Each structure stands twice: as structure tokens, then as C-alpha cells.
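Engineer: Just passing along the structure, written as C-alpha cells.
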Amino acid sequence: MEDCIFCKISNGDLGTEFIYEDETAVVFKDINPKADIHLLVVPKEHVQDLNECSAELIGKLMSIVKKVTVQENIKSFRTVINTGKDAGQEVFHLHIHILSGNIKF
Ligand code: 5GP
Ligand code: ZN
């Protein structure tokens with residue numbers, strides 16, 4: 001989607017370093033980390049939020065959370081999905097936060 005920062009990042013348009021990538025999603029560091037480790041799992045498909053997300057896609061994204069935490073040896077972590085402005089969502093392209101260590105969220 002035009003003018004969507006996470007579409008641009010997940011397309012590779014901004015040269016962002018990916019910690020993980022497959023056909024479904026990319027994972028990269030949050031630009032404004034709210035913990036020692038703060039990663040974002042972002043689907044390549046533009047989906048606005050969890051309300052618009054299929055069960056199949058959220059299942060794939062959660063399994064990517066598991067893969068990445070194993071890959072990065074992150075044993076204790078919090079996952080967050082903000083859905084809607086009132087809940088604090090700022091980027092309206094679905095993403096799962098992975099936070100670990102000194103979480104300020
Ligand atoms: P939300 O509040 O929508 O759940 O979270 C959006 C997150 O995206 C925020 O934690 C914010 O710091 C992060 N973010 C916003 N723009 C960018 C960007 O251009 N690059 C990266 N790496 N993270 C971003
Ligand atoms: Zn998008």
C-alpha cells in the first residue's frame with residue numbers, strides 16, 4: 001500500500017536489516033526500542049490490524065515469533081499487538097512486538 005512505512009520496509013525499499021525473512025513476513029529492530037531487545041514481526045501483505053487478519057496469517061506470524069526467539073536465543077519475552085488508535089496503534093500495518101529485558105511498555 002502506498003505511503004505505508006511497513007509496506008516499504010517489508011518490500012526492502014528502505015534497505016532495513018532483517019533479522020529474519022521468509023515468504024510471509026520480515027522481522028527487524030524497532031527504531032525506538034522500549035526494551036533491551038525490541039523486534040517487530042511484520043507481514044509482507046498489507047493487513048491493517050488484527051481485526052483484518054485471517055487465522056491462517058496470525059498463526060504463521062506467531063510461529064515466526066517462535067522461530068525468531070529460538071534463533072536469537074531470547075528465552076523470556078513479551079509479545080504485544082496493538083489494535084486500533086485507542087489501544088496505541090501508530091502504524092496501521094499489522095505487526096507483533098517482541099520485547100525482552102527492561103521492558104518499558
Ligand atoms: P504500534 O504503536 O503501531 O503498535 O507500534 C509501531 C512501532 O513501530 C513503534 O514501536 C515505532 O517505534 C516503530 N516504528 C515506527 N516507524 C518505524 C520505522 O520507520 N522503522 C522501524 N524500525 N520502526 C518503526
Ligand atoms: Zn502496509
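Chain identifiers are assigned as A, B, and so on, following the order in which chains appear in the C-alpha cells; residues are numbered from 1 within each chain, and ligands are numbered from 1 in order of appearance.
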Please extract the residues at most 7 Å from ligand 2, counting only C-alpha atoms and all ligand atoms, and provide them as a list in words, using the chain letters and residue numbers of this document.

Structural biologist: Met1, Cys4, Ile5, Phe6, Cys7, His46, Val47 and His93 of chain A

Engineer: Convert the current residue selection to file output with C-alpha atoms, as a PDB file, in the first residue's frame.

Structural biologist:
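The new file again30.pdb reads:
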ATOM      1  CA  MET A   1       0.000   0.000   0.000  1.00  0.00           C
ATOM      2  CA  CYS A   4       2.693   2.706   4.356  1.00  0.00           C
ATOM      3  CA  ILE A   5       6.071   2.653   6.107  1.00  0.00           C
ATOM      4  CA  PHE A   6       5.875  -1.071   6.923  1.00  0.00           C
ATOM      5  CA  CYS A   7       4.998  -1.929   3.280  1.00  0.00           C
ATOM      6  CA  HIS A  46      -0.639  -5.117   3.903  1.00  0.00           C
ATOM      7  CA  VAL A  47      -3.156  -6.006   6.622  1.00  0.00           C
ATOM      8  CA  HIS A  93       0.054  -2.279   9.114  1.00  0.00           C
TER       9      HIS A  93
END

Engineer: Cys53 of chain A: which residues within 12 Å, counting only C-alpha atoms, same-chain residues fewer than 6 positions away excluded, as a PDB file with all heavy atoms, in the first residue's frame?

Structural biologist:
ATOM      1  N   PRO A  43       4.062  -8.688   8.518  1.00  0.00           N
ATOM      2  CA  PRO A  43       3.725  -9.452   7.315  1.00  0.00           C
ATOM      3  C   PRO A  43       4.037  -8.664   6.054  1.00  0.00           C
ATOM      4  O   PRO A  43       3.940  -7.432   6.046  1.00  0.00           O
ATOM      5  CB  PRO A  43       2.207  -9.685   7.457  1.00  0.00           C
ATOM      6  CG  PRO A  43       1.726  -8.589   8.342  1.00  0.00           C
ATOM      7  CD  PRO A  43       2.864  -8.274   9.272  1.00  0.00           C
ATOM      8  N   GLU A  45       2.296  -8.857   3.353  1.00  0.00           N
ATOM      9  CA  GLU A  45       0.987  -8.417   2.850  1.00  0.00           C
ATOM     10  C   GLU A  45       0.497  -7.255   3.720  1.00  0.00           C
ATOM     11  O   GLU A  45       0.652  -7.298   4.950  1.00  0.00           O
ATOM     12  CB  GLU A  45       0.028  -9.612   2.960  1.00  0.00           C
ATOM     13  CG  GLU A  45      -1.392  -9.352   2.542  1.00  0.00           C
ATOM     14  CD  GLU A  45      -2.333 -10.502   2.925  1.00  0.00           C
ATOM     15  OE1 GLU A  45      -1.849 -11.579   3.340  1.00  0.00           O
ATOM     16  OE2 GLU A  45      -3.549 -10.303   2.830  1.00  0.00           O
ATOM     17  N   HIS A  46      -0.094  -6.213   3.101  1.00  0.00           N
ATOM     18  CA  HIS A  46      -0.639  -5.117   3.903  1.00  0.00           C
ATOM     19  C   HIS A  46      -1.966  -5.539   4.518  1.00  0.00           C
ATOM     20  O   HIS A  46      -2.971  -5.685   3.834  1.00  0.00           O
ATOM     21  CB  HIS A  46      -0.844  -3.844   3.075  1.00  0.00           C
ATOM     22  CG  HIS A  46      -1.379  -2.717   3.923  1.00  0.00           C
ATOM     23  ND1 HIS A  46      -0.562  -1.843   4.611  1.00  0.00           N
ATOM     24  CD2 HIS A  46      -2.648  -2.367   4.256  1.00  0.00           C
ATOM     25  CE1 HIS A  46      -1.310  -0.997   5.297  1.00  0.00           C
ATOM     26  NE2 HIS A  46      -2.582  -1.298   5.103  1.00  0.00           N
ATOM     27  N   VAL A  47      -1.954  -5.698   5.840  1.00  0.00           N
ATOM     28  CA  VAL A  47      -3.156  -6.006   6.622  1.00  0.00           C
ATOM     29  C   VAL A  47      -3.179  -4.943   7.702  1.00  0.00           C
ATOM     30  O   VAL A  47      -2.160  -4.725   8.374  1.00  0.00           O
ATOM     31  CB  VAL A  47      -3.047  -7.408   7.261  1.00  0.00           C
ATOM     32  CG1 VAL A  47      -4.209  -7.684   8.193  1.00  0.00           C
ATOM     33  CG2 VAL A  47      -2.954  -8.486   6.190  1.00  0.00           C
ATOM     34  N   GLY A  59      -1.558 -17.203  12.661  1.00  0.00           N
ATOM     35  CA  GLY A  59      -0.867 -18.447  13.031  1.00  0.00           C
ATOM     36  C   GLY A  59       0.560 -18.470  12.487  1.00  0.00           C
ATOM     37  O   GLY A  59       1.513 -18.819  13.200  1.00  0.00           O
ATOM     38  N   LYS A  60       0.704 -18.062  11.225  1.00  0.00           N
ATOM     39  CA  LYS A  60       2.049 -18.029  10.631  1.00  0.00           C
ATOM     40  C   LYS A  60       2.929 -17.017  11.347  1.00  0.00           C
ATOM     41  O   LYS A  60       4.111 -17.269  11.601  1.00  0.00           O
ATOM     42  CB  LYS A  60       1.955 -17.663   9.146  1.00  0.00           C
ATOM     43  CG  LYS A  60       1.466 -18.787   8.268  1.00  0.00           C
ATOM     44  CD  LYS A  60       1.480 -18.352   6.803  1.00  0.00           C
ATOM     45  CE  LYS A  60       0.993 -19.477   5.902  1.00  0.00           C
ATOM     46  NZ  LYS A  60       0.770 -18.998   4.519  1.00  0.00           N
ATOM     47  N   LEU A  61       2.357 -15.858  11.670  1.00  0.00           N
ATOM     48  CA  LEU A  61       3.159 -14.816  12.330  1.00  0.00           C
ATOM     49  C   LEU A  61       3.598 -15.269  13.713  1.00  0.00           C
ATOM     50  O   LEU A  61       4.742 -15.026  14.123  1.00  0.00           O
ATOM     51  CB  LEU A  61       2.379 -13.496  12.404  1.00  0.00           C
ATOM     52  CG  LEU A  61       2.025 -12.857  11.050  1.00  0.00           C
ATOM     53  CD1 LEU A  61       1.135 -11.634  11.252  1.00  0.00           C
ATOM     54  CD2 LEU A  61       3.281 -12.476  10.266  1.00  0.00           C
ATOM     55  N   ILE A  81       0.386  -6.900  20.496  1.00  0.00           N
ATOM     56  CA  ILE A  81      -0.240  -6.468  19.233  1.00  0.00           C
ATOM     57  C   ILE A  81      -1.230  -5.365  19.584  1.00  0.00           C
ATOM     58  O   ILE A  81      -2.239  -5.627  20.254  1.00  0.00           O
ATOM     59  CB  ILE A  81      -0.999  -7.618  18.536  1.00  0.00           C
ATOM     60  CG1 ILE A  81      -0.085  -8.820  18.285  1.00  0.00           C
ATOM     61  CG2 ILE A  81      -1.629  -7.116  17.229  1.00  0.00           C
ATOM     62  CD1 ILE A  81      -0.818 -10.042  17.724  1.00  0.00           C
ATOM     63  N   THR A  83      -4.139  -2.954  18.587  1.00  0.00           N
ATOM     64  CA  THR A  83      -5.185  -2.973  17.554  1.00  0.00           C
ATOM     65  C   THR A  83      -6.054  -1.735  17.714  1.00  0.00           C
ATOM     66  O   THR A  83      -6.842  -1.646  18.655  1.00  0.00           O
ATOM     67  CB  THR A  83      -6.040  -4.258  17.664  1.00  0.00           C
ATOM     68  OG1 THR A  83      -5.171  -5.390  17.607  1.00  0.00           O
ATOM     69  CG2 THR A  83      -7.056  -4.348  16.535  1.00  0.00           C
ATOM     70  N   HIS A  93      -0.331  -1.064   9.851  1.00  0.00           N
ATOM     71  CA  HIS A  93       0.054  -2.279   9.114  1.00  0.00           C
ATOM     72  C   HIS A  93       0.406  -3.251  10.233  1.00  0.00           C
ATOM     73  O   HIS A  93       1.345  -3.000  11.000  1.00  0.00           O
ATOM     74  CB  HIS A  93       1.244  -1.958   8.189  1.00  0.00           C
ATOM     75  CG  HIS A  93       1.793  -3.123   7.428  1.00  0.00           C
ATOM     76  ND1 HIS A  93       2.101  -3.048   6.082  1.00  0.00           N
ATOM     77  CD2 HIS A  93       2.135  -4.377   7.826  1.00  0.00           C
ATOM     78  CE1 HIS A  93       2.596  -4.216   5.682  1.00  0.00           C
ATOM     79  NE2 HIS A  93       2.636  -5.039   6.725  1.00  0.00           N
ATOM     80  N   LEU A  94      -0.390  -4.303  10.331  1.00  0.00           N
ATOM     81  CA  LEU A  94      -0.267  -5.259  11.439  1.00  0.00           C
ATOM     82  C   LEU A  94       1.183  -5.603  11.778  1.00  0.00           C
ATOM     83  O   LEU A  94       1.999  -5.814  10.874  1.00  0.00           O
ATOM     84  CB  LEU A  94      -1.007  -6.545  11.050  1.00  0.00           C
ATOM     85  CG  LEU A  94      -0.920  -7.716  12.031  1.00  0.00           C
ATOM     86  CD1 LEU A  94      -1.668  -7.407  13.310  1.00  0.00           C
ATOM     87  CD2 LEU A  94      -1.467  -8.985  11.382  1.00  0.00           C
ATOM     88  N   HIS A  95       1.486  -5.656  13.072  1.00  0.00           N
ATOM     89  CA  HIS A  95       2.820  -6.086  13.499  1.00  0.00           C
ATOM     90  C   HIS A  95       2.731  -6.654  14.904  1.00  0.00           C
ATOM     91  O   HIS A  95       1.892  -6.225  15.706  1.00  0.00           O
ATOM     92  CB  HIS A  95       3.822  -4.926  13.451  1.00  0.00           C
ATOM     93  CG  HIS A  95       3.351  -3.680  14.099  1.00  0.00           C
ATOM     94  ND1 HIS A  95       2.467  -2.810  13.485  1.00  0.00           N
ATOM     95  CD2 HIS A  95       3.592  -3.148  15.315  1.00  0.00           C
ATOM     96  CE1 HIS A  95       2.214  -1.805  14.300  1.00  0.00           C
ATOM     97  NE2 HIS A  95       2.865  -1.983  15.426  1.00  0.00           N
TER      98      HIS A  95
END

Engineer: From chain A, collect each residue whose DSSP state is strand (DSSP E or B) and return the set as a list in words.

Structural biologist: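 Answer for chain A, restricted to strand (DSSP E or B): Tyr20, Glu21, Ala25, Val26, Val27, Phe28, Lys29, Ile37, His38, Leu39, Leu40, Val41, Val42, Pro43, Arg78, Thr79, Val80, Ile96, His97, Ile98, Leu99 and Ser100 of chain A.
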
Engineer: To check your reading of the model: which residues sit at most 9 Å from ligand 1 when counting only C-alpha atoms and all ligand atoms? Write the answer as a PyMOL selection string.

Structural biologist: chain A and resi 5-6+9+14+16+28-34+38-40+80-85+87-97

Engineer: Just the selected residues (N, CA, C and O atoms), exported as a compact mmCIF listing (two decimals), in the first residue's frame, please.

Structural biologist:
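Final file, result.txt:
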# COMPACT_ATOMS: atom_id res chain seq x y z
N ILE A 5 4.65 2.83 5.78
CA ILE A 5 6.07 2.65 6.11
C ILE A 5 6.44 1.17 6.21
O ILE A 5 7.51 0.76 5.77
N PHE A 6 5.54 0.35 6.77
CA PHE A 6 5.87 -1.07 6.92
C PHE A 6 5.77 -1.83 5.59
O PHE A 6 6.45 -2.85 5.42
N ILE A 9 9.22 -0.94 4.18
CA ILE A 9 10.29 -1.70 4.86
C ILE A 9 10.23 -3.17 4.44
O ILE A 9 11.26 -3.75 4.06
N LEU A 14 13.64 0.31 1.83
CA LEU A 14 14.42 1.23 2.67
C LEU A 14 15.75 0.63 3.12
O LEU A 14 16.48 1.24 3.90
N THR A 16 16.34 -1.80 5.10
CA THR A 16 16.34 -2.19 6.52
C THR A 16 16.99 -3.57 6.69
O THR A 16 16.75 -4.48 5.88
N PHE A 28 12.46 -7.11 12.06
CA PHE A 28 13.54 -6.12 12.17
C PHE A 28 13.44 -5.41 13.51
O PHE A 28 12.43 -5.54 14.23
N LYS A 29 14.50 -4.64 13.84
CA LYS A 29 14.53 -3.93 15.12
C LYS A 29 13.63 -2.70 15.08
O LYS A 29 13.61 -1.97 14.08
N ASP A 30 12.91 -2.47 16.19
CA ASP A 30 12.11 -1.26 16.32
C ASP A 30 13.05 -0.04 16.38
O ASP A 30 14.09 -0.07 17.05
N ILE A 31 12.67 1.03 15.69
CA ILE A 31 13.51 2.22 15.61
C ILE A 31 13.59 2.96 16.96
O ILE A 31 14.56 3.66 17.24
N ASN A 32 12.59 2.74 17.80
CA ASN A 32 12.52 3.42 19.10
C ASN A 32 12.29 2.37 20.18
O ASN A 32 11.19 2.23 20.71
N PRO A 33 13.36 1.60 20.50
CA PRO A 33 13.17 0.40 21.34
C PRO A 33 12.65 0.71 22.74
O PRO A 33 13.12 1.64 23.39
N LYS A 34 11.68 -0.07 23.17
CA LYS A 34 11.11 0.08 24.51
C LYS A 34 11.52 -1.07 25.41
O LYS A 34 10.88 -1.34 26.43
N HIS A 38 13.91 -5.21 21.15
CA HIS A 38 12.56 -4.85 20.70
C HIS A 38 12.50 -5.09 19.19
O HIS A 38 13.06 -4.32 18.40
N LEU A 39 11.84 -6.18 18.83
CA LEU A 39 11.73 -6.58 17.42
C LEU A 39 10.28 -6.46 16.96
O LEU A 39 9.35 -6.51 17.79
N LEU A 40 10.12 -6.30 15.66
CA LEU A 40 8.78 -6.23 15.06
C LEU A 40 8.66 -7.32 14.01
O LEU A 40 9.53 -7.45 13.14
N VAL A 80 3.29 -8.20 21.98
CA VAL A 80 2.23 -7.19 22.04
C VAL A 80 1.71 -6.95 20.63
O VAL A 80 2.50 -6.82 19.68
N ILE A 81 0.39 -6.90 20.50
CA ILE A 81 -0.24 -6.47 19.23
C ILE A 81 -1.23 -5.37 19.58
O ILE A 81 -2.24 -5.63 20.25
N ASN A 82 -0.93 -4.14 19.19
CA ASN A 82 -1.87 -3.04 19.41
C ASN A 82 -2.86 -3.02 18.25
O ASN A 82 -2.46 -3.05 17.08
N THR A 83 -4.14 -2.95 18.59
CA THR A 83 -5.18 -2.97 17.55
C THR A 83 -6.05 -1.73 17.71
O THR A 83 -6.84 -1.65 18.66
N GLY A 84 -5.85 -0.77 16.81
CA GLY A 84 -6.65 0.46 16.83
C GLY A 84 -5.97 1.59 17.58
O GLY A 84 -5.15 1.37 18.48
N LYS A 85 -6.33 2.82 17.18
CA LYS A 85 -5.71 4.04 17.72
C LYS A 85 -5.85 4.12 19.24
O LYS A 85 -4.89 4.46 19.94
N ALA A 87 -5.97 1.91 21.35
CA ALA A 87 -5.10 0.93 22.03
C ALA A 87 -3.63 1.26 21.84
O ALA A 87 -2.76 0.52 22.29
N GLY A 88 -3.34 2.38 21.15
CA GLY A 88 -1.95 2.79 20.98
C GLY A 88 -1.32 2.40 19.66
O GLY A 88 -0.12 2.59 19.47
N GLN A 89 -2.12 1.86 18.72
CA GLN A 89 -1.53 1.52 17.42
C GLN A 89 -1.19 2.81 16.68
O GLN A 89 -2.02 3.72 16.56
N GLU A 90 0.06 2.86 16.21
CA GLU A 90 0.53 4.06 15.48
C GLU A 90 0.78 3.77 14.02
O GLU A 90 0.66 4.66 13.18
N VAL A 91 1.17 2.54 13.73
CA VAL A 91 1.41 2.15 12.33
C VAL A 91 0.32 1.15 11.96
O VAL A 91 0.22 0.07 12.56
N PHE A 92 -0.48 1.53 10.95
CA PHE A 92 -1.67 0.73 10.63
C PHE A 92 -1.37 -0.32 9.56
O PHE A 92 -2.02 -0.40 8.52
N HIS A 93 -0.33 -1.06 9.85
CA HIS A 93 0.05 -2.28 9.11
C HIS A 93 0.41 -3.25 10.23
O HIS A 93 1.35 -3.00 11.00
N LEU A 94 -0.39 -4.30 10.33
CA LEU A 94 -0.27 -5.26 11.44
C LEU A 94 1.18 -5.60 11.78
O LEU A 94 2.00 -5.81 10.87
N HIS A 95 1.49 -5.66 13.07
CA HIS A 95 2.82 -6.09 13.50
C HIS A 95 2.73 -6.65 14.90
O HIS A 95 1.89 -6.23 15.71
N ILE A 96 3.62 -7.59 15.19
CA ILE A 96 3.74 -8.15 16.53
C ILE A 96 5.04 -7.64 17.12
O ILE A 96 6.12 -7.81 16.54
N HIS A 97 4.94 -6.99 18.29
CA HIS A 97 6.13 -6.57 19.02
C HIS A 97 6.68 -7.78 19.79
O HIS A 97 5.91 -8.52 20.42

Engineer: Mind checking which residues fall within 12 Å of Lys75 of chain A, counting only C-alpha atoms, ignoring those fewer than 2 positions away in the same chain, and posting them as JSON, numbers by chain?

Structural biologist: {"A": [37, 65, 66, 67, 68, 69, 70, 71, 72, 73, 77, 78, 98, 99, 100, 101]}

Engineer: Just the number, please: distance in Å from atom CA of Ala25 of chain A to atom CA of Lys44 of chain A, one decimal.

Structural biologist: 5.0 Å
